[in-house]
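Content type compact mmCIF, C-alpha atoms, from the file start.txt:
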# COMPACT_ATOMS: atom_id res chain seq x y z
CA MET A 1 32.28 16.87 1.72
CA THR A 2 30.94 19.69 3.84
CA GLU A 3 31.77 22.75 1.80
CA HIS A 4 28.53 22.69 -0.15
CA SER A 5 26.32 21.21 2.53
CA LYS A 6 26.49 24.03 5.05
CA SER A 7 23.99 26.26 3.34
CA ILE A 8 21.51 25.41 0.64
CA ASP A 9 21.44 27.48 -2.49
CA PHE A 10 17.96 28.26 -3.87
CA LYS A 11 18.53 26.16 -7.01
CA ASN A 12 19.80 23.22 -4.92
CA LEU A 13 16.68 23.55 -2.78
CA LEU A 14 14.41 23.33 -5.83
CA ILE A 15 16.25 20.18 -6.98
CA ILE A 16 15.87 18.58 -3.52
CA ILE A 17 12.13 19.33 -3.46
CA ALA A 18 11.60 18.17 -7.07
CA SER A 19 13.59 14.99 -6.50
CA GLY A 20 11.73 14.19 -3.26
CA ILE A 21 8.30 14.76 -4.84
CA LEU A 22 9.21 12.70 -7.94
CA PHE A 23 10.55 9.90 -5.74
CA GLY A 24 7.33 9.87 -3.67
CA LEU A 25 5.17 9.90 -6.81
CA GLY A 26 7.23 7.08 -8.32
CA LEU A 27 6.78 4.93 -5.21
CA GLY A 28 3.02 5.60 -5.43
CA ILE A 29 2.74 4.88 -9.17
CA SER A 30 4.78 1.68 -8.90
CA GLU A 31 2.73 0.63 -5.83
CA MET A 32 5.96 -0.02 -3.92
CA VAL A 33 4.34 2.06 -1.19
CA ASN A 34 2.06 -0.92 -0.56
CA PRO A 35 3.83 -3.49 1.67
CA ALA A 36 1.53 -6.22 0.29
CA ARG A 37 3.13 -5.71 -3.16
CA VAL A 38 6.64 -6.05 -1.72
CA LEU A 39 5.71 -9.16 0.27
CA GLY A 40 4.23 -10.58 -2.94
CA PHE A 41 7.66 -10.22 -4.55
CA LEU A 42 9.35 -11.88 -1.56
CA ASN A 43 6.81 -14.72 -1.70
CA VAL A 44 9.12 -16.93 -3.77
CA LEU A 45 7.20 -20.18 -3.16
CA GLY A 46 4.31 -18.54 -5.04
CA PRO A 47 2.06 -16.88 -6.05
CA TRP A 48 4.89 -14.53 -7.03
CA ASP A 49 4.42 -10.81 -7.79
CA PRO A 50 7.16 -9.50 -10.13
CA THR A 51 6.27 -5.81 -9.56
CA LEU A 52 9.42 -4.94 -7.56
CA LEU A 53 11.68 -6.36 -10.28
CA LEU A 54 9.94 -4.22 -12.93
CA VAL A 55 10.26 -1.11 -10.75
CA MET A 56 13.99 -1.74 -10.35
CA ALA A 57 14.28 -2.29 -14.12
CA GLY A 58 12.47 1.00 -14.82
CA ALA A 59 14.60 2.93 -12.33
CA LEU A 60 17.86 1.45 -13.63
CA THR A 61 16.88 2.16 -17.25
CA VAL A 62 17.14 5.85 -16.35
CA ALA A 63 19.71 5.71 -13.53
CA ILE A 64 22.44 3.70 -15.29
CA PRO A 65 22.86 6.14 -18.22
CA GLY A 66 22.56 9.04 -15.75
CA PHE A 67 25.25 7.82 -13.36
CA GLN A 68 27.54 6.71 -16.20
CA TYR A 69 27.13 10.12 -17.89
CA ALA A 70 28.17 11.72 -14.58
CA ARG A 71 31.59 10.06 -14.99
CA LEU A 72 32.20 12.36 -17.95
CA MET A 73 31.38 15.46 -15.91
CA HIS A 74 33.99 17.31 -13.86
CA LYS A 75 31.40 18.42 -11.33
CA PRO A 76 27.60 18.43 -10.84
CA PHE A 77 25.60 21.21 -12.52
CA LEU A 78 24.83 22.97 -9.22
CA ALA A 79 27.51 21.84 -6.75
CA VAL A 80 31.29 21.87 -6.41
CA SER A 81 31.79 18.09 -6.39
CA PHE A 82 30.12 14.70 -6.54
CA ASN A 83 29.50 13.23 -3.10
CA THR A 84 29.91 9.50 -3.71
CA PRO A 85 30.73 6.71 -1.23
CA THR A 86 34.46 6.05 -1.02
CA LYS A 87 34.43 2.61 0.64
CA LYS A 88 35.43 -0.21 -1.70
CA ASP A 89 35.90 -3.28 0.51
CA LEU A 90 33.24 -5.89 1.20
CA ASP A 91 33.43 -5.78 5.00
CA LYS A 92 31.48 -7.53 7.75
CA LYS A 93 29.42 -4.41 8.50
CA LEU A 94 28.09 -4.25 4.94
CA ILE A 95 26.99 -7.89 5.00
CA SER A 96 25.67 -7.91 8.61
CA GLY A 97 23.78 -4.67 8.00
CA ALA A 98 22.23 -6.02 4.79
CA ILE A 99 21.19 -9.21 6.64
CA LEU A 100 19.51 -7.25 9.48
CA PHE A 101 17.81 -4.95 6.98
CA GLY A 102 16.66 -7.97 4.94
CA MET A 103 15.11 -9.54 8.04
CA GLY A 104 13.17 -6.37 8.86
CA TRP A 105 12.16 -5.86 5.23
CA GLY A 106 10.97 -9.48 4.98
CA LEU A 107 8.92 -9.15 8.19
CA ALA A 108 6.99 -6.01 7.24
CA GLY A 109 7.52 -5.46 3.51
CA ILE A 110 8.51 -1.85 4.22
CA CYS A 111 11.84 -0.18 3.44
CA PRO A 112 12.81 3.42 4.34
CA GLY A 113 11.52 5.34 1.28
CA PRO A 114 8.06 3.76 1.08
CA ALA A 115 7.76 4.03 4.90
CA PHE A 116 7.61 7.84 4.72
CA VAL A 117 5.36 7.93 1.63
CA ALA A 118 2.99 5.39 3.24
CA LEU A 119 2.47 7.74 6.24
CA ASN A 120 -0.07 9.46 3.95
CA SER A 121 -2.38 6.47 4.43
CA LEU A 122 -2.71 7.39 8.16
CA GLU A 123 -2.39 3.68 9.03
CA SER A 124 -1.15 3.41 12.61
CA ASN A 125 1.09 0.44 11.78
CA VAL A 126 3.02 2.60 9.30
CA ALA A 127 3.56 5.27 11.96
CA ILE A 128 4.71 2.58 14.42
CA PHE A 129 7.18 1.30 11.80
CA VAL A 130 8.55 4.79 11.08
CA VAL A 131 9.07 5.58 14.78
CA ALA A 132 10.82 2.23 15.32
CA MET A 133 12.95 2.78 12.21
CA LEU A 134 14.05 6.24 13.40
CA ALA A 135 14.87 4.68 16.79
CA GLY A 136 16.94 1.99 15.02
CA VAL A 137 18.86 4.66 13.11
CA LEU A 138 19.52 6.60 16.33
CA VAL A 139 20.66 3.48 18.21
CA HIS A 140 23.17 2.78 15.45
CA ASP A 141 24.41 6.34 14.90
CA LYS A 142 24.31 7.71 18.46
CA LEU A 143 24.46 4.88 21.00
CA LEU A 144 26.71 2.44 19.15
CA PRO A 145 28.60 4.64 16.69
CA GLY A 146 31.48 2.16 16.50
CA SER A 147 29.35 -0.72 15.22
CA MET B 1 -3.10 -8.47 -4.86
CA THR B 2 -1.79 -10.97 -7.41
CA GLU B 3 -2.68 -8.99 -10.54
CA PHE B 4 -0.01 -6.57 -11.58
CA SER B 5 0.35 -3.78 -14.03
CA PHE B 6 3.55 -3.96 -16.05
CA LEU B 7 3.09 -0.36 -17.16
CA ASN B 8 2.54 1.09 -13.67
CA ALA B 9 5.52 -0.75 -12.21
CA PHE B 10 7.88 0.18 -15.02
CA SER B 11 6.76 3.82 -15.33
CA GLY B 12 6.89 4.28 -11.54
CA GLY B 13 10.44 2.96 -11.70
CA ILE B 14 11.31 5.43 -14.45
CA VAL B 15 9.99 8.33 -12.33
CA ILE B 16 12.16 7.12 -9.42
CA GLY B 17 15.13 6.89 -11.80
CA PHE B 18 14.63 10.51 -12.84
CA ALA B 19 14.37 11.61 -9.17
CA VAL B 20 17.70 9.92 -8.47
CA ILE B 21 19.69 11.30 -11.43
CA LEU B 22 18.20 14.79 -11.00
CA MET B 23 19.67 14.81 -7.49
CA PHE B 24 23.02 13.35 -8.57
CA LEU B 25 23.67 15.33 -11.77
CA CYS B 26 22.58 18.65 -10.22
CA ASN B 27 23.44 18.44 -6.52
CA GLY B 28 26.01 15.63 -6.65
CA ARG B 29 24.17 13.66 -3.97
CA ILE B 30 23.20 9.99 -3.75
CA THR B 31 19.45 9.58 -3.10
CA GLY B 32 19.78 6.91 -0.44
CA ILE B 33 16.83 7.28 1.92
CA SER B 34 18.46 5.59 4.93
CA GLY B 35 21.58 7.76 4.57
CA ILE B 36 19.41 10.87 4.26
CA VAL B 37 17.48 9.87 7.42
CA GLY B 38 20.77 9.29 9.25
CA GLY B 39 21.99 12.75 8.27
CA MET B 40 18.65 14.28 9.25
CA LEU B 41 18.79 12.80 12.76
CA THR B 42 22.45 13.12 13.62
CA LYS B 43 24.03 16.09 11.83
CA GLN B 44 24.14 19.70 13.00
CA LYS B 45 21.03 21.69 12.14
CA GLU B 46 22.56 23.79 9.34
CA GLN B 47 23.97 20.64 7.70
CA SER B 48 20.88 18.47 8.04
CA SER B 49 18.25 20.85 6.67
CA TRP B 50 18.43 19.47 3.13
CA GLN B 51 17.79 15.96 4.39
CA LEU B 52 14.69 17.09 6.31
CA ILE B 53 13.43 18.99 3.26
CA PHE B 54 13.93 15.91 1.07
CA ILE B 55 11.99 13.63 3.46
CA LEU B 56 9.14 16.18 3.67
CA SER B 57 9.09 16.40 -0.15
CA LEU B 58 8.89 12.59 -0.31
CA LEU B 59 5.78 12.80 1.89
CA VAL B 60 4.34 15.54 -0.32
CA GLY B 61 4.92 13.33 -3.39
CA GLY B 62 2.82 10.63 -1.72
CA ALA B 63 0.12 13.16 -0.84
CA LEU B 64 0.02 14.43 -4.46
CA TYR B 65 -0.19 10.91 -5.92
CA PRO B 66 -4.02 10.57 -5.76
CA TRP B 67 -4.40 13.85 -7.72
CA VAL B 68 -1.69 13.10 -10.26
CA TRP B 69 -2.58 9.44 -10.84
CA GLY B 70 -6.32 9.52 -10.02
CA GLN B 71 -6.09 6.61 -7.59
CA ASP B 72 -6.03 6.28 -3.82
CA LEU B 73 -2.77 5.30 -2.16
CA ALA B 74 -3.21 1.63 -1.25
CA VAL B 75 -1.25 0.61 1.86
CA GLU B 76 -2.01 -2.83 3.33
CA VAL B 77 -0.38 -3.36 6.74
CA SER B 78 -2.32 -6.22 8.30
CA SER B 79 0.28 -7.82 10.61
CA PRO B 80 0.05 -7.28 14.41
CA TRP B 81 1.54 -3.93 15.56
CA TYR B 82 4.57 -5.46 17.29
CA VAL B 83 5.76 -6.90 13.96
CA TYR B 84 6.19 -3.29 12.77
CA VAL B 85 8.15 -2.39 15.91
CA ILE B 86 10.64 -5.25 15.38
CA ALA B 87 10.80 -4.70 11.61
CA GLY B 88 11.29 -0.93 11.96
CA LEU B 89 14.15 -1.36 14.45
CA LEU B 90 15.86 -3.93 12.17
CA VAL B 91 15.41 -1.75 9.07
CA GLY B 92 16.68 1.42 10.79
CA TYR B 93 19.68 -0.23 12.43
CA GLY B 94 20.52 -2.57 9.53
CA THR B 95 20.42 0.05 6.79
CA ARG B 96 22.77 2.34 8.76
CA MET B 97 25.14 -0.52 9.57
CA GLY B 98 25.12 -1.69 5.95
CA SER B 99 25.43 1.88 4.58
CA GLY B 100 22.27 1.76 2.51
CA CYS B 101 18.85 0.42 1.61
CA THR B 102 16.80 -0.33 -1.50
CA SER B 103 17.38 3.17 -2.91
CA GLY B 104 21.05 3.78 -2.01
CA HIS B 105 22.35 0.28 -2.81
CA GLY B 106 19.52 -1.10 -4.94
CA ILE B 107 19.16 1.81 -7.36
CA CYS B 108 22.03 4.31 -7.04
CA GLY B 109 24.70 1.73 -6.18
CA LEU B 110 23.70 -0.70 -8.92
CA ALA B 111 23.55 2.18 -11.43
CA ARG B 112 27.11 3.17 -10.42
CA PHE B 113 28.18 -0.50 -10.86
CA SER B 114 29.38 -0.55 -7.21
CA PRO B 115 30.47 -4.07 -6.13
CA ARG B 116 29.56 -3.27 -2.49
CA SER B 117 26.02 -2.33 -3.53
CA MET B 118 25.62 -5.44 -5.69
CA VAL B 119 26.61 -7.67 -2.76
CA ALA B 120 24.36 -5.74 -0.32
CA THR B 121 21.36 -5.78 -2.69
CA VAL B 122 21.58 -9.53 -3.36
CA THR B 123 22.05 -10.14 0.39
CA PHE B 124 19.04 -8.14 1.59
CA ILE B 125 16.71 -9.44 -1.12
CA VAL B 126 17.66 -13.10 -0.44
CA VAL B 127 17.41 -12.64 3.37
CA ALA B 128 14.05 -10.85 3.01
CA ALA B 129 12.64 -13.64 0.81
CA ILE B 130 13.85 -16.30 3.29
CA THR B 131 12.45 -14.34 6.27
CA HIS B 132 9.07 -13.88 4.60
CA THR B 133 8.92 -17.55 3.61
CA ILE B 134 9.82 -18.79 7.13
CA ILE B 135 7.19 -16.52 8.71
CA LYS B 136 4.59 -17.73 6.22
CA LEU B 137 5.40 -21.39 6.86
CA LEU B 138 5.36 -20.87 10.67
CA ALA B 139 2.04 -19.04 10.48
CA GLY B 140 0.73 -22.00 8.46
For this file, produce the structure as structure tokens.
Amino acid sequence: MTEHSKSIDFKNLLIIIASGILFGLGLGISEMVNPARVLGFLNVLGPWDPTLLLVMAGALTVAIPGFQYARLMHKPFLAVSFNTPTKKDLDKKLISGAILFGMGWGLAGICPGPAFVALNSLESNVAIFVVAMLAGVLVHDKLLPGS
Amino acid sequence: MTEFSFLNAFSGGIVIGFAVILMFLCNGRITGISGIVGGMLTKQKEQSSWQLIFILSLLVGGALYPWVWGQDLAVEVSSPWYVYVIAGLLVGYGTRMGSGCTSGHGICGLARFSPRSMVATVTFIVVAAITHTIIKLLAG
């Protein structure tokens, strides 16, 4: 789907900025930007922090009706088509990738969205994480594109 | 860190939900952060500009949070620095290999009722909980 990604229309640009700012605010409000909160959720042998589950519930309360409503639309309001993943099979890459991601997430309590938002704290460990994460993305996409 | 606010967690989630459907219903795009980062780093400049703008807006959202919510952004990262190197590499590589992270699979994918995303989300949450528990037990 490249026909509407080559240049950005002004309205599309406003949506991208609004969505990014809302997403960042949401991660702040829900405190998912704090790795200690996430690790509290992963701390299943207790004391357990249910915050992450409530954040997911809040997000899905809005996202499920939104995505299901989209099925009734022929196209998005400001683009020529919906750009949704086409893969359907549960392959090895999906599972192996999720396992590697889970290991990293369990080690630090940081996933990609909160990593960028948390840069605002000016904590050096967050910057170290973001640089390593970008390196991990590049290794996968550039050095080992077949994996 | 054990006290939690039901209202903050749920309302923050709702704001994230609105961010995600705004992007999908208007621009037709999935708000998966790892996919957006992948596009930002590997696509041609004219095709990757929206991804860069989104990531910068995400940062701006975090910067605006103290003004909007009247609280400082709390970020506790107390492990040794090399933990963040290993974790960052695993998160970057793993999310690209598995085609998504907490936002792409965990929110957008689940909301689309995607079987792939359900399997991925359960997998990374279970593995993360096991990893955290092992580390905690080893550290005593």
Hey, which of A:Lys87, A:Ala135, A:Leu13, A:Leu94 ends up closest to B:Leu52? Count all atoms listed in the file.
->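 Checking each of A:Lys87, A:Ala135, A:Leu13, A:Leu94 against B:Leu52, counting all atoms listed in the file, the winner is A:Leu13.
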Considering all atoms listed in the file, return as a ChimeraX atom specification whatever protein or nucleic-acid residues lie within 10 Å of stretch 4-20 of chain B, sequence-local ones (same chain, fewer than 4 positions apart) excluded.
-> /A:15-32,37,49-64,66-67 /B:24-25,29-32,103-104,107-108,111
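Of the listed residues (A:Lys11, A:His74, A:Lys88, A:Lys142), A:Lys88 comes nearest to B:Ser99; the distances count all atoms listed in the file.
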Show me, as a PDB file with C-alpha atoms, in the coordinates of the input, the residues of chain B whose atoms get within 6 Å of chain A, using all atoms listed in the file for the distance check.
ATOM      1  CA  ASN B   8       2.540   1.090 -13.670  1.00  0.00           C
ATOM      2  CA  ALA B   9       5.520  -0.750 -12.210  1.00  0.00           C
ATOM      3  CA  PHE B  10       7.880   0.180 -15.020  1.00  0.00           C
ATOM      4  CA  GLY B  12       6.890   4.280 -11.540  1.00  0.00           C
ATOM      5  CA  GLY B  13      10.440   2.960 -11.700  1.00  0.00           C
ATOM      6  CA  ILE B  14      11.310   5.430 -14.450  1.00  0.00           C
ATOM      7  CA  VAL B  15       9.990   8.330 -12.330  1.00  0.00           C
ATOM      8  CA  ILE B  16      12.160   7.120  -9.420  1.00  0.00           C
ATOM      9  CA  GLY B  17      15.130   6.890 -11.800  1.00  0.00           C
ATOM     10  CA  ALA B  19      14.370  11.610  -9.170  1.00  0.00           C
ATOM     11  CA  ILE B  21      19.690  11.300 -11.430  1.00  0.00           C
ATOM     12  CA  LEU B  25      23.670  15.330 -11.770  1.00  0.00           C
ATOM     13  CA  CYS B  26      22.580  18.650 -10.220  1.00  0.00           C
ATOM     14  CA  ASN B  27      23.440  18.440  -6.520  1.00  0.00           C
ATOM     15  CA  GLY B  28      26.010  15.630  -6.650  1.00  0.00           C
ATOM     16  CA  ARG B  29      24.170  13.660  -3.970  1.00  0.00           C
ATOM     17  CA  ILE B  33      16.830   7.280   1.920  1.00  0.00           C
ATOM     18  CA  GLU B  46      22.560  23.790   9.340  1.00  0.00           C
ATOM     19  CA  GLN B  47      23.970  20.640   7.700  1.00  0.00           C
ATOM     20  CA  PHE B  54      13.930  15.910   1.070  1.00  0.00           C
ATOM     21  CA  SER B  57       9.090  16.400  -0.150  1.00  0.00           C
ATOM     22  CA  LEU B  58       8.890  12.590  -0.310  1.00  0.00           C
ATOM     23  CA  LEU B  59       5.780  12.800   1.890  1.00  0.00           C
ATOM     24  CA  GLY B  61       4.920  13.330  -3.390  1.00  0.00           C
ATOM     25  CA  GLY B  62       2.820  10.630  -1.720  1.00  0.00           C
ATOM     26  CA  TYR B  65      -0.190  10.910  -5.920  1.00  0.00           C
ATOM     27  CA  ALA B  74      -3.210   1.630  -1.250  1.00  0.00           C
ATOM     28  CA  VAL B  75      -1.250   0.610   1.860  1.00  0.00           C
ATOM     29  CA  GLU B  76      -2.010  -2.830   3.330  1.00  0.00           C
ATOM     30  CA  TRP B  81       1.540  -3.930  15.560  1.00  0.00           C
ATOM     31  CA  TYR B  84       6.190  -3.290  12.770  1.00  0.00           C
ATOM     32  CA  VAL B  85       8.150  -2.390  15.910  1.00  0.00           C
ATOM     33  CA  ALA B  87      10.800  -4.700  11.610  1.00  0.00           C
ATOM     34  CA  GLY B  88      11.290  -0.930  11.960  1.00  0.00           C
ATOM     35  CA  LEU B  89      14.150  -1.360  14.450  1.00  0.00           C
ATOM     36  CA  LEU B  90      15.860  -3.930  12.170  1.00  0.00           C
ATOM     37  CA  VAL B  91      15.410  -1.750   9.070  1.00  0.00           C
ATOM     38  CA  GLY B  92      16.680   1.420  10.790  1.00  0.00           C
ATOM     39  CA  TYR B  93      19.680  -0.230  12.430  1.00  0.00           C
ATOM     40  CA  GLY B  94      20.520  -2.570   9.530  1.00  0.00           C
ATOM     41  CA  THR B  95      20.420   0.050   6.790  1.00  0.00           C
ATOM     42  CA  MET B  97      25.140  -0.520   9.570  1.00  0.00           C
ATOM     43  CA  GLY B  98      25.120  -1.690   5.950  1.00  0.00           C
ATOM     44  CA  ALA B 111      23.550   2.180 -11.430  1.00  0.00           C
ATOM     45  CA  ARG B 112      27.110   3.170 -10.420  1.00  0.00           C
ATOM     46  CA  ARG B 116      29.560  -3.270  -2.490  1.00  0.00           C
ATOM     47  CA  ALA B 120      24.360  -5.740  -0.320  1.00  0.00           C
ATOM     48  CA  PHE B 124      19.040  -8.140   1.590  1.00  0.00           C
ATOM     49  CA  VAL B 127      17.410 -12.640   3.370  1.00  0.00           C
ATOM     50  CA  ALA B 128      14.050 -10.850   3.010  1.00  0.00           C
ATOM     51  CA  ALA B 129      12.640 -13.640   0.810  1.00  0.00           C
ATOM     52  CA  THR B 131      12.450 -14.340   6.270  1.00  0.00           C
ATOM     53  CA  HIS B 132       9.070 -13.880   4.600  1.00  0.00           C
TER      54      HIS B 132
END
Students should find that atom CA of A:Leu14 and atom CA of B:Gly70 are spaced 25.3 Å
By how many Å are atom CA of B:Arg96 and atom CA of B:Gln44 apart?
->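 If I compute the distance from atom CA of B:Arg96 to atom CA of B:Gln44, I get 17.9 Å.
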So how many Å separate atom CA of B:Thr121 and atom CA of A:Leu144, to one decimal?
->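 Distance reported for this atom pair: 23.9 Å.
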For B:Val119, the nearest of the candidates B:Leu41, B:Gly100, B:Met23, B:Tyr82, counting all atoms listed in the file | B:Gly100
Compare B:Ile134, B:Gly35, B:Trp67, B:Leu56 by their minimum atom-to-atom distance to B:His105, counting all atoms listed in the file, and give me the closest one.
-> B:Gly35
Please identify all polymer residues within 8 Å of B:Met118, counting all atoms listed in the file, omitting same-chain residues fewer than 3 positions from it, and present them as number ranges by chain.
-> B: 105-106, 109-110, 113-115, 121-122
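For the set B:Ser117, B:Ser78, B:Gln71, B:Ser34, the residue with the smallest atom-to-atom gap to B:Gln51 is B:Ser34, counting only C-alpha atoms.
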